[in-house]
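Below: the structure, in structure tokens.
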Amino acid sequence: MAERTQPINPWPGISAATLVAALILGTLVTVALRAETSGGFAPSDWAALRFTLVQATLSAVFSAVLAIPVARALARRRFRGRRLLITLLGAPFILPVIVAILGLLQVFGRSGWISDVLSIFGLPPVQIYGLHGVVLAHVFFNLPLATRLILQGWQEIPAERFRLAAQLGCNGMAMFRLIELPMLRSVLPGVLAVVFAICLTSFAVALTLGGGPRATTIELAIYQAFTYDFNLGRAALLSALQLALTAAAALAALKFSRRDSFGAGLNRAIRRWDGGTPLLDSFWIIAAATFLLLPLASVAISGVIGLFELPSLVFRAAVTSILVAAASTAILLLLAVPMAVSVATGRHNVVELCGVLGLAASPLVIGTGLFILIRPVANPTAIALPVTALVNAVMALPFALRILVPAARDTVERHGRLALSLNMSNRTFFIRVMVLRLRPQIGFAAGLAAALSMGDLGVIALFADAQVATLPLQIYRLMGAYQMQAAAGGALLLLLLSMGVFWILDRGGRWHAEA
């Protein structure tokens, strides 16, 4: 046997993590160095911190708790259209934020569908603005992600465990306590940390549904510091606070996530004998689908007419968005796969922490830092698209690591000793074992990154000029010109493209496996 202790080389992942940390922390330092003294926290900053923590905590808890019965129902039931439903449940998370908010307003707003139904019975309309509106929107965005991550945990339990439990007469609570609860203890801390960190950086949701200064998040405060005050010191200080909060959430997830393993199976299709009556599972599946798909239906209905009235600029912007998404996905995989492999050795938790930094880092701060660094040597608008692709990849990196790391760790545990005994080289193990075993997770991560990049409106707004625009930016320009019908059509086109690239990449990664 070779004297190596691991069948993989962790240094590519460590190098990738170093580059990510240098980009995020370096841009933050750049902004801080160019800024004047911030003067510490103002009372409004403390209020923004309190509101951010409250809404992020509530959003994470509601998203994770509601995702458990939904994921359990999808894991136990097989029905026609199940794969399509699982794909559609991912739509709210990859949906461009402003498009999703418009859909939520059309359903839950004062003039929305639900308020119209309530008015028939003489009831007051729904009040969506405020803390409850922000939490509602965040649950809408993050419930699908939490469901997919928890469902992935259920599907990683070998089918032989359920078969053995059924032969021993385990049913109901016994099955849940012995098999499902240990899996949830391992998966839930990470899910809570990811959703919490996502909600920490909320901007468009708070801006649109907050209802006033009392509903200001840290990210919104950063935007105000840039746009209204141009106080780079205050913006840098608030961004550093975001990094600290997300790092704390990541450390908590790493500490409390148990690495329970159910052992290797024969990769058979999972069959459940503990399903009982399908009524309760059907209720959760229908309720989740209705909550998540109604706003999407409203976007489709309002945009189908405008789809035939789109100017040529919109289609040009759509091609630009596709190119940026392709570049962003390639950059993401070059970073995420080596980092996940390094984390799988169990010795480089700092690598995973560097990847999670993307959740807390403000795209506005990263974009401004890059603008400051690039401007002395080149025209920032000339490289707007490559910079946008890079920042989008870094923003999607935490989700990719959460998807890839459990499968990479499981691959090392199952096949690492055999690879060492065969004296398999690091390169051979990575190509012939690791990549093939991670193919479903790589496809899911690539689809998620491409869709998020398609709908992102962040750095491109800082760098782009009148001739350069992605599809989300072009939609914003149409809305600013009061071409609402064309903007609705562009929103529907963006939805179709985002869902299309996600489905193609996700399905391409798991075509040989069960959904």
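Order determines the names: the first chain of the structure tokens is A, the second B, and so forth; residues in each chain are numbered 1 upward, and ligands are numbered 1 upward as they are shown.
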
Could you name the residues that touch segment 207-217 of chain A at 9 Å or less, counting only C-alpha atoms, but leaving out those on the same chain fewer than 2 positions away, as a PyMOL selection string? chain A and resi 44-45+47-53+55+98+101+128-134+137+200-205+219-222

Quick one: residues within 12 Å of Val304 of chain A, only C-alpha atoms, excluding same-chain residues fewer than 2 positions away - as a list in words? Ala297, Ser298, Val299, Ala300, Ile301, Ser302, Gly306, Leu307, Phe308, Glu309, Leu310, Gln485, Ala486, Ala487, Ala488, Gly489, Gly490, Ala491, Leu492, Leu493, Leu495 and Leu496 of chain A

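Using only C-alpha atoms, the residues found no farther than 9 Å from Val350 of chain A, other than those of its own chain fewer than 4 positions away, are Ile14, Ala17, Val343, Cys354 and Gly355 of chain A.
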
Tell me, as number ranges by chain, which residues lie within 9 Å of Leu438 of chain A, counting only C-alpha atoms; anything in the same chain fewer than 3 positions away does not count. A: 404, 407-408, 411, 433-435, 441-443, 509

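Nearest residue to Val195 of chain A among A:Gln483, A:Ser111, A:Gln474, A:Thr147 is A:Thr147, counting only C-alpha atoms.
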
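Near segment 150-155 of chain A, within 8 Å and counting only C-alpha atoms, sit Ala67, Ile68, Ala71, Arg72, Leu74, Ala75, Ala146, Thr147, Pro158, Glu180, Met183, Leu184, Val187, Leu188, Val191 and Ile270 of chain A, not including residues fewer than 3 positions from it in the same chain.
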
Produce a file of the selected residues containing N, CA and C atoms, as an mmCIF file, in the first residue's frame.
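Printed below is out18.cif as written:
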```cif
data_model
loop_
_atom_site.group_PDB
_atom_site.id
_atom_site.type_symbol
_atom_site.label_atom_id
_atom_site.label_comp_id
_atom_site.auth_asym_id
_atom_site.auth_seq_id
_atom_site.Cartn_x
_atom_site.Cartn_y
_atom_site.Cartn_z
ATOM 1 N N ALA A 67 -39.837 22.700 4.956
ATOM 2 C CA ALA A 67 -39.226 21.837 3.938
ATOM 3 C C ALA A 67 -39.172 20.381 4.373
ATOM 4 N N ILE A 68 -39.164 20.117 5.680
ATOM 5 C CA ILE A 68 -39.045 18.725 6.148
ATOM 6 C C ILE A 68 -40.219 17.868 5.687
ATOM 7 N N ALA A 71 -40.143 17.541 1.753
ATOM 8 C CA ALA A 71 -39.100 16.641 1.263
ATOM 9 C C ALA A 71 -39.415 15.184 1.620
ATOM 10 N N ARG A 72 -39.949 14.954 2.809
ATOM 11 C CA ARG A 72 -40.301 13.582 3.215
ATOM 12 C C ARG A 72 -41.405 13.021 2.315
ATOM 13 N N LEU A 74 -42.029 13.902 -0.808
ATOM 14 C CA LEU A 74 -41.454 13.625 -2.128
ATOM 15 C C LEU A 74 -40.554 12.404 -2.102
ATOM 16 N N ALA A 75 -39.892 12.167 -0.980
ATOM 17 C CA ALA A 75 -39.028 10.990 -0.871
ATOM 18 C C ALA A 75 -39.843 9.703 -0.791
ATOM 19 N N ALA A 146 -34.194 24.565 0.443
ATOM 20 C CA ALA A 146 -34.171 23.710 1.624
ATOM 21 C C ALA A 146 -34.773 22.338 1.320
ATOM 22 N N THR A 147 -35.845 22.308 0.528
ATOM 23 C CA THR A 147 -36.467 21.032 0.166
ATOM 24 C C THR A 147 -35.518 20.172 -0.650
ATOM 25 N N PRO A 158 -29.120 4.508 1.867
ATOM 26 C CA PRO A 158 -29.207 3.314 1.015
ATOM 27 C C PRO A 158 -30.578 2.659 1.096
ATOM 28 N N GLU A 180 -34.470 8.333 9.722
ATOM 29 C CA GLU A 180 -34.633 9.674 9.159
ATOM 30 C C GLU A 180 -34.132 10.773 10.091
ATOM 31 N N MET A 183 -30.395 11.449 9.881
ATOM 32 C CA MET A 183 -30.077 12.184 8.656
ATOM 33 C C MET A 183 -30.421 13.664 8.804
ATOM 34 N N LEU A 184 -31.572 13.964 9.399
ATOM 35 C CA LEU A 184 -31.974 15.357 9.576
ATOM 36 C C LEU A 184 -31.021 16.095 10.514
ATOM 37 N N VAL A 187 -28.157 17.087 8.306
ATOM 38 C CA VAL A 187 -28.411 17.981 7.183
ATOM 39 C C VAL A 187 -28.944 19.341 7.630
ATOM 40 N N LEU A 188 -29.836 19.352 8.631
ATOM 41 C CA LEU A 188 -30.551 20.576 8.990
ATOM 42 C C LEU A 188 -29.643 21.740 9.409
ATOM 43 N N VAL A 191 -28.494 23.423 6.330
ATOM 44 C CA VAL A 191 -29.595 24.085 5.629
ATOM 45 C C VAL A 191 -29.953 25.399 6.319
ATOM 46 N N ILE A 270 -34.860 3.486 -4.356
ATOM 47 C CA ILE A 270 -35.396 3.422 -2.996
ATOM 48 C C ILE A 270 -36.886 3.101 -3.048
#
```

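In terms of minimum interatomic distance to Val194 of chain A, A:Arg402 ranks closest within A:Arg316, A:Arg507, A:Arg437, A:Arg402, counting only C-alpha atoms.
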
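Residue nearest Thr290 of chain A, chosen from A:Ile8, A:Leu88, A:Ile374, A:Leu58 and counting only C-alpha atoms: A:Leu88.
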
Could you give me, as a compact mmCIF listing (two decimals) with C-alpha atoms, in the first residue's frame, the residues within 9 Å of Phe108 of chain A, counting only C-alpha atoms and dropping anything in the same chain fewer than 3 positions from it?
```
# COMPACT_ATOMS: atom_id res chain seq x y z
CA GLY A 103 -45.47 37.62 -8.84
CA LEU A 104 -45.88 37.68 -5.07
CA LEU A 105 -47.53 41.10 -5.23
CA SER A 111 -54.81 44.16 -5.22
CA GLY A 112 -53.73 40.54 -5.61
CA TRP A 113 -55.65 37.36 -6.24
CA ILE A 114 -56.03 36.44 -2.57
CA SER A 115 -57.23 39.93 -1.63
CA PRO A 125 -57.08 42.77 1.88
CA VAL A 126 -53.78 41.11 2.70
CA GLN A 127 -51.08 43.41 4.10
CA ILE A 128 -47.83 42.20 2.57
CA PRO A 295 -46.68 33.56 -8.36
```

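Comparing the minimum interatomic distances between Ser498 of chain A and each of A:Leu143, A:Ile94, A:Leu123, A:Val107, counting only C-alpha atoms, we find that A:Ile94 sits nearest.
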
Considering only C-alpha atoms, return as a PyMOL selection string whatever protein or nucleic-acid residues lie within 10 Å of Leu457 of chain A, sequence-local ones (same chain, fewer than 6 positions apart) excluded. chain A and resi 96-98+363+388+392+470-474+476

Selected residues written out with N, CA and C atoms, as a tab-separated table (two decimals), in the first residue's frame:
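Contents of the output file out.tsv:
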```
chain	number	residue	atom	x	y	z
A	96	PRO	N	-35.31	35.48	-11.01
A	96	PRO	CA	-34.82	36.82	-10.71
A	96	PRO	C	-35.69	37.47	-9.64
A	97	VAL	N	-35.03	38.12	-8.69
A	97	VAL	CA	-35.73	38.57	-7.50
A	97	VAL	C	-36.88	39.52	-7.83
A	98	ILE	N	-36.64	40.50	-8.68
A	98	ILE	CA	-37.68	41.47	-8.95
A	98	ILE	C	-38.86	40.83	-9.66
A	363	PRO	N	-22.28	42.02	-3.20
A	363	PRO	CA	-21.83	42.21	-4.59
A	363	PRO	C	-21.51	43.67	-4.90
A	388	THR	N	-18.52	40.53	-14.30
A	388	THR	CA	-19.83	40.07	-13.85
A	388	THR	C	-19.86	38.55	-13.72
A	392	ASN	N	-20.52	36.62	-10.18
A	392	ASN	CA	-21.65	35.69	-10.11
A	392	ASN	C	-21.19	34.29	-9.69
A	470	THR	N	-27.21	43.01	-19.75
A	470	THR	CA	-27.77	41.67	-19.64
A	470	THR	C	-29.29	41.79	-19.65
A	471	LEU	N	-29.97	40.66	-19.73
A	471	LEU	CA	-31.43	40.68	-19.81
A	471	LEU	C	-32.08	41.31	-18.58
A	472	PRO	N	-31.66	40.98	-17.34
A	472	PRO	CA	-32.27	41.66	-16.19
A	472	PRO	C	-32.08	43.18	-16.23
A	473	LEU	N	-30.89	43.63	-16.63
A	473	LEU	CA	-30.66	45.07	-16.71
A	473	LEU	C	-31.53	45.70	-17.78
A	474	GLN	N	-31.71	45.02	-18.89
A	474	GLN	CA	-32.57	45.55	-19.95
A	474	GLN	C	-34.02	45.63	-19.50
A	476	TYR	N	-35.00	46.17	-16.42
A	476	TYR	CA	-35.05	47.36	-15.56
A	476	TYR	C	-35.12	48.64	-16.39
```

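Those residues in segment 31-64 of chain A carrying a DSSP assignment of helix (DSSP H, G or I), computed from the backbone, are Val31, Ala32, Leu33, Arg34, Pro43, Ser44, Asp45, Trp46, Ala47, Ala48, Leu49, Arg50, Phe51, Thr52, Leu53, Val54, Gln55, Ala56, Thr57, Leu58, Ser59, Ala60, Val61, Phe62, Ser63 and Ala64 of chain A.
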
Selected residues, N, CA and C atoms, written as a PDB file, in the first residue's frame, please.
```
ATOM      1  N   VAL A  31     -11.931  48.946  -0.707  1.00  0.00           N
ATOM      2  CA  VAL A  31     -12.962  49.956  -0.444  1.00  0.00           C
ATOM      3  C   VAL A  31     -12.658  50.700   0.858  1.00  0.00           C
ATOM      4  N   ALA A  32     -12.245  49.953   1.887  1.00  0.00           N
ATOM      5  CA  ALA A  32     -11.977  50.580   3.185  1.00  0.00           C
ATOM      6  C   ALA A  32     -10.795  51.548   3.101  1.00  0.00           C
ATOM      7  N   LEU A  33      -9.762  51.178   2.339  1.00  0.00           N
ATOM      8  CA  LEU A  33      -8.594  52.041   2.234  1.00  0.00           C
ATOM      9  C   LEU A  33      -8.891  53.324   1.462  1.00  0.00           C
ATOM     10  N   ARG A  34      -9.805  53.252   0.506  1.00  0.00           N
ATOM     11  CA  ARG A  34     -10.170  54.436  -0.271  1.00  0.00           C
ATOM     12  C   ARG A  34     -11.218  55.295   0.436  1.00  0.00           C
ATOM     13  N   PRO A  43     -27.248  54.906  15.056  1.00  0.00           N
ATOM     14  CA  PRO A  43     -28.449  54.197  15.529  1.00  0.00           C
ATOM     15  C   PRO A  43     -29.193  53.464  14.414  1.00  0.00           C
ATOM     16  N   SER A  44     -29.210  54.045  13.214  1.00  0.00           N
ATOM     17  CA  SER A  44     -29.880  53.368  12.095  1.00  0.00           C
ATOM     18  C   SER A  44     -29.167  52.075  11.723  1.00  0.00           C
ATOM     19  N   ASP A  45     -27.843  52.027  11.894  1.00  0.00           N
ATOM     20  CA  ASP A  45     -27.107  50.793  11.601  1.00  0.00           C
ATOM     21  C   ASP A  45     -27.460  49.693  12.604  1.00  0.00           C
ATOM     22  N   TRP A  46     -27.589  50.046  13.879  1.00  0.00           N
ATOM     23  CA  TRP A  46     -27.995  49.051  14.874  1.00  0.00           C
ATOM     24  C   TRP A  46     -29.406  48.552  14.593  1.00  0.00           C
ATOM     25  N   ALA A  47     -30.284  49.455  14.171  1.00  0.00           N
ATOM     26  CA  ALA A  47     -31.643  49.033  13.813  1.00  0.00           C
ATOM     27  C   ALA A  47     -31.622  48.089  12.615  1.00  0.00           C
ATOM     28  N   ALA A  48     -30.768  48.379  11.628  1.00  0.00           N
ATOM     29  CA  ALA A  48     -30.649  47.492  10.473  1.00  0.00           C
ATOM     30  C   ALA A  48     -30.109  46.129  10.883  1.00  0.00           C
ATOM     31  N   LEU A  49     -29.152  46.106  11.818  1.00  0.00           N
ATOM     32  CA  LEU A  49     -28.613  44.842  12.306  1.00  0.00           C
ATOM     33  C   LEU A  49     -29.696  44.014  12.999  1.00  0.00           C
ATOM     34  N   ARG A  50     -30.484  44.662  13.872  1.00  0.00           N
ATOM     35  CA  ARG A  50     -31.547  43.933  14.567  1.00  0.00           C
ATOM     36  C   ARG A  50     -32.573  43.369  13.594  1.00  0.00           C
ATOM     37  N   PHE A  51     -33.013  44.194  12.658  1.00  0.00           N
ATOM     38  CA  PHE A  51     -34.009  43.712  11.698  1.00  0.00           C
ATOM     39  C   PHE A  51     -33.447  42.586  10.841  1.00  0.00           C
ATOM     40  N   THR A  52     -32.181  42.709  10.439  1.00  0.00           N
ATOM     41  CA  THR A  52     -31.560  41.669   9.612  1.00  0.00           C
ATOM     42  C   THR A  52     -31.527  40.336  10.345  1.00  0.00           C
ATOM     43  N   LEU A  53     -31.110  40.343  11.614  1.00  0.00           N
ATOM     44  CA  LEU A  53     -31.037  39.103  12.382  1.00  0.00           C
ATOM     45  C   LEU A  53     -32.421  38.499  12.609  1.00  0.00           C
ATOM     46  N   VAL A  54     -33.409  39.350  12.904  1.00  0.00           N
ATOM     47  CA  VAL A  54     -34.764  38.831  13.164  1.00  0.00           C
ATOM     48  C   VAL A  54     -35.346  38.197  11.906  1.00  0.00           C
ATOM     49  N   GLN A  55     -35.305  38.915  10.782  1.00  0.00           N
ATOM     50  CA  GLN A  55     -35.914  38.369   9.570  1.00  0.00           C
ATOM     51  C   GLN A  55     -35.140  37.174   9.035  1.00  0.00           C
ATOM     52  N   ALA A  56     -33.811  37.171   9.176  1.00  0.00           N
ATOM     53  CA  ALA A  56     -33.029  36.030   8.706  1.00  0.00           C
ATOM     54  C   ALA A  56     -33.306  34.795   9.550  1.00  0.00           C
ATOM     55  N   THR A  57     -33.429  34.964  10.863  1.00  0.00           N
ATOM     56  CA  THR A  57     -33.725  33.829  11.736  1.00  0.00           C
ATOM     57  C   THR A  57     -35.107  33.261  11.450  1.00  0.00           C
ATOM     58  N   LEU A  58     -36.104  34.125  11.376  1.00  0.00           N
ATOM     59  CA  LEU A  58     -37.465  33.659  11.092  1.00  0.00           C
ATOM     60  C   LEU A  58     -37.539  32.987   9.716  1.00  0.00           C
ATOM     61  N   SER A  59     -36.889  33.576   8.736  1.00  0.00           N
ATOM     62  CA  SER A  59     -36.928  33.014   7.387  1.00  0.00           C
ATOM     63  C   SER A  59     -36.267  31.644   7.341  1.00  0.00           C
ATOM     64  N   ALA A  60     -35.116  31.504   7.999  1.00  0.00           N
ATOM     65  CA  ALA A  60     -34.415  30.220   8.003  1.00  0.00           C
ATOM     66  C   ALA A  60     -35.226  29.144   8.710  1.00  0.00           C
ATOM     67  N   VAL A  61     -35.805  29.482   9.863  1.00  0.00           N
ATOM     68  CA  VAL A  61     -36.577  28.491  10.628  1.00  0.00           C
ATOM     69  C   VAL A  61     -37.813  28.061   9.854  1.00  0.00           C
ATOM     70  N   PHE A  62     -38.571  29.015   9.330  1.00  0.00           N
ATOM     71  CA  PHE A  62     -39.789  28.663   8.591  1.00  0.00           C
ATOM     72  C   PHE A  62     -39.456  27.854   7.343  1.00  0.00           C
ATOM     73  N   SER A  63     -38.407  28.249   6.619  1.00  0.00           N
ATOM     74  CA  SER A  63     -38.043  27.537   5.395  1.00  0.00           C
ATOM     75  C   SER A  63     -37.643  26.103   5.693  1.00  0.00           C
ATOM     76  N   ALA A  64     -36.803  25.888   6.710  1.00  0.00           N
ATOM     77  CA  ALA A  64     -36.331  24.542   7.025  1.00  0.00           C
ATOM     78  C   ALA A  64     -37.440  23.674   7.605  1.00  0.00           C
TER      79      ALA A  64
END
```

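Take the candidates A:Ser312, A:Ser453, A:Thr428, A:Thr368 and check each one against Ala325 of chain A using only C-alpha atoms; the shortest distance goes to A:Ser453.
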